[in-house]
Structure formats: structure tokens, C-alpha cells
Amino acid sequence: MSFPKLFTGLNGALGLYSTVKGMLDSSSAKHEQKKLLKKAVAEEDGWYKRNYYGDFYNSTASRAAIKRVEDTMRRNSAQDRARSVVVGATPESVAVRNGQGLRALENVMTGVASNADEMKRRVDAQHRQNRMSLMNAQQQNLSMDERMAASSAMSGFGILQNALLGAKWGREEE
């Protein structure tokens, strides 16, 4: 066997090997990439559900604000009872003072509800932004896969063409 035939065969074999290895490595990387993207989507969905559907009335800040108002109402009520014993209060004045305390509690609860709505809007906006980012990454990966597949096919075809052109079909010298 002559050296040109040997080199032509080796060139074809190396081209075939590199093409197959590249395809296998690309497939493995693509599989890992899909797994990672699936994990990222699941993590994002979990974050969204935890934050969007969370109990805002039971948060530390909300409980503290409600407790402060309740404590203030309790203290004011005790002072009002003591004052009414000394001064003598009409039932109407007691009802007015109790109403003021209830309005303060209502204002706090309204503020907590307002904060909860604002938090939900922020979480929803962040979730949409994160999902768009993940979809854009997936689109870029698919585009890269398409370009790599086309490049690999052209490269493999070029190597095969060079191997075929390098062989001297019917013109071999012995």
C-alpha cells in the first residue's frame, strides 16, 4: 500500500472519527443543557409560587404592625376605662373612642393588603422577566444547535468529498 492511499484513508478515518465524536459530545452537552434549563424553570416556578401565593398577613412585618396597633388599643382602652370611672363617661363617648381604635386597626390592615398587592405585582413582573430570560436562553441554544448541525454536516461532507477526490479510482499504481 502506498503512502498517498494510506494518508487518504487516515484522513477519511480521522474526519469520520472527529465528526462522530463531535456529534456525541454535542448530544451529551445538549442533554445536560436541557436538564439544566428544566431545573431552572422548575426553580423559577417554585420561587414564583412561594412569593406570589405567600401569606402576607402572616409575615413578620405585618404581624408586628398589627400587634403594635392592638397593644395601643388595649392600652388606650384601659386608660379610657380608668378615666371614665374617675370622670364619668357616657356610653356614646366610649363608643367613639372604641371606633377610633378600630379605624386605626382597619388602616393598618388596609396598608398590609395594599403592600401585599404591590408585592404580588412585583413578584409577577419579576417572574415574567425571568421566564423571558429563560426562553431567550433556550432560543439561543436552539439557534446554536442548528448552526452547529449545519456546520457539522458541511464539514463531514467536505471531508468525505476530499477523501473521495484523493482516491485514484481506477488509476491506482501498483
# chains A, B, ... in the order shown; residues from 1 in each chain; ligands from 1
call {"tool": "residues_around", "arguments": {"residues": "region 93-96 of chain A", "least_positions_apart": "6", "cutoff": "12 Å", "atoms": "only C-alpha atoms", "output": "number ranges by chain"}}
result
A: 76-85, 87, 102-103
call {"tool": "closest_residue", "arguments": {"among": "A:Ala42, A:Glu70, A:Lys30, A:Leu10", "to": "Asn130 (chain A)", "atoms": "only C-alpha atoms"}}
result
A:Ala42
call {"tool": "atom_distance", "arguments": {"atom1": "CA of Lys34 (chain A)", "atom2": "CA of Gln138 (chain A)"}}
result
8.6 Å
call {"tool": "closest_residue", "arguments": {"among": "A:Gly54, A:Pro91, A:Gly22, A:Gly111", "to": "Ile66 (chain A)", "atoms": "only C-alpha atoms"}}
result
A:Gly111
call {"tool": "closest_residue", "arguments": {"among": "A:Ser155, A:Gln129, A:Asn141, A:Asn58", "to": "Ser18 (chain A)", "atoms": "only C-alpha atoms"}}
result
A:Ser155
call {"tool": "residues_around", "arguments": {"residues": "Tyr53 (chain A)", "least_positions_apart": "2", "cutoff": "10 Å", "atoms": "only C-alpha atoms", "output": "JSON, numbers by chain"}}
result
{"A": [48, 49, 50, 51, 55, 56, 116, 120, 123]}
call {"tool": "write_last_selection", "arguments": {"atoms": "N, CA, C and O atoms", "output": "PDB file, in the first residue's frame"}}
result
ATOM      1  N   TYR A  48     -41.765  31.574  42.287  1.00  0.00           N
ATOM      2  CA  TYR A  48     -42.975  32.347  41.991  1.00  0.00           C
ATOM      3  C   TYR A  48     -44.120  31.918  42.912  1.00  0.00           C
ATOM      4  O   TYR A  48     -44.789  32.766  43.510  1.00  0.00           O
ATOM      5  N   LYS A  49     -44.338  30.626  43.040  1.00  0.00           N
ATOM      6  CA  LYS A  49     -45.445  30.149  43.876  1.00  0.00           C
ATOM      7  C   LYS A  49     -45.243  30.531  45.341  1.00  0.00           C
ATOM      8  O   LYS A  49     -46.196  30.917  46.018  1.00  0.00           O
ATOM      9  N   ARG A  50     -44.001  30.414  45.824  1.00  0.00           N
ATOM     10  CA  ARG A  50     -43.733  30.792  47.222  1.00  0.00           C
ATOM     11  C   ARG A  50     -44.003  32.273  47.459  1.00  0.00           C
ATOM     12  O   ARG A  50     -44.572  32.651  48.489  1.00  0.00           O
ATOM     13  N   ASN A  51     -43.589  33.114  46.543  1.00  0.00           N
ATOM     14  CA  ASN A  51     -43.693  34.553  46.764  1.00  0.00           C
ATOM     15  C   ASN A  51     -45.034  35.138  46.353  1.00  0.00           C
ATOM     16  O   ASN A  51     -45.516  36.077  46.972  1.00  0.00           O
ATOM     17  N   ASP A  55     -48.529  34.115  52.392  1.00  0.00           N
ATOM     18  CA  ASP A  55     -49.477  34.709  53.332  1.00  0.00           C
ATOM     19  C   ASP A  55     -48.897  36.018  53.845  1.00  0.00           C
ATOM     20  O   ASP A  55     -48.115  36.044  54.793  1.00  0.00           O
ATOM     21  N   PHE A  56     -49.294  37.126  53.214  1.00  0.00           N
ATOM     22  CA  PHE A  56     -48.722  38.421  53.553  1.00  0.00           C
ATOM     23  C   PHE A  56     -49.219  38.929  54.904  1.00  0.00           C
ATOM     24  O   PHE A  56     -48.550  39.702  55.558  1.00  0.00           O
ATOM     25  N   ALA A 116     -49.403  43.885  50.182  1.00  0.00           N
ATOM     26  CA  ALA A 116     -49.485  42.539  49.619  1.00  0.00           C
ATOM     27  C   ALA A 116     -49.757  42.609  48.122  1.00  0.00           C
ATOM     28  O   ALA A 116     -49.143  41.878  47.327  1.00  0.00           O
ATOM     29  N   LYS A 120     -47.270  41.353  45.146  1.00  0.00           N
ATOM     30  CA  LYS A 120     -47.697  40.407  44.112  1.00  0.00           C
ATOM     31  C   LYS A 120     -47.388  40.951  42.720  1.00  0.00           C
ATOM     32  O   LYS A 120     -46.950  40.212  41.845  1.00  0.00           O
ATOM     33  N   VAL A 123     -43.607  40.600  42.213  1.00  0.00           N
ATOM     34  CA  VAL A 123     -43.240  39.191  42.025  1.00  0.00           C
ATOM     35  C   VAL A 123     -43.665  38.721  40.635  1.00  0.00           C
ATOM     36  O   VAL A 123     -42.907  38.043  39.939  1.00  0.00           O
TER      37      VAL A 123
END
call {"tool": "closest_residue", "arguments": {"among": "A:Lys21, A:Lys67, A:Arg128, A:Arg122", "to": "Ala104 (chain A)", "atoms": "only C-alpha atoms"}}
result
A:Lys67
call {"tool": "residues_around", "arguments": {"residues": "Leu134 (chain A)", "least_positions_apart": "2", "cutoff": "10 Å", "atoms": "only C-alpha atoms", "output": "JSON, numbers by chain"}}
result
{"A": [37, 38, 40, 41, 44, 128, 129, 130, 131, 132, 136, 137, 138, 139, 140]}
call {"tool": "atom_distance", "arguments": {"atom1": "CA of Ser59 (chain A)", "atom2": "CA of Arg97 (chain A)"}}
result
28.8 Å
call {"tool": "atom_distance", "arguments": {"atom1": "CA of Asp71 (chain A)", "atom2": "CA of Ser114 (chain A)"}}
result
22.3 Å
call {"tool": "closest_residue", "arguments": {"among": "A:Ala65, A:Ala89, A:Ala125, A:Met148", "to": "Val108 (chain A)", "atoms": "only C-alpha atoms"}}
result
A:Ala65
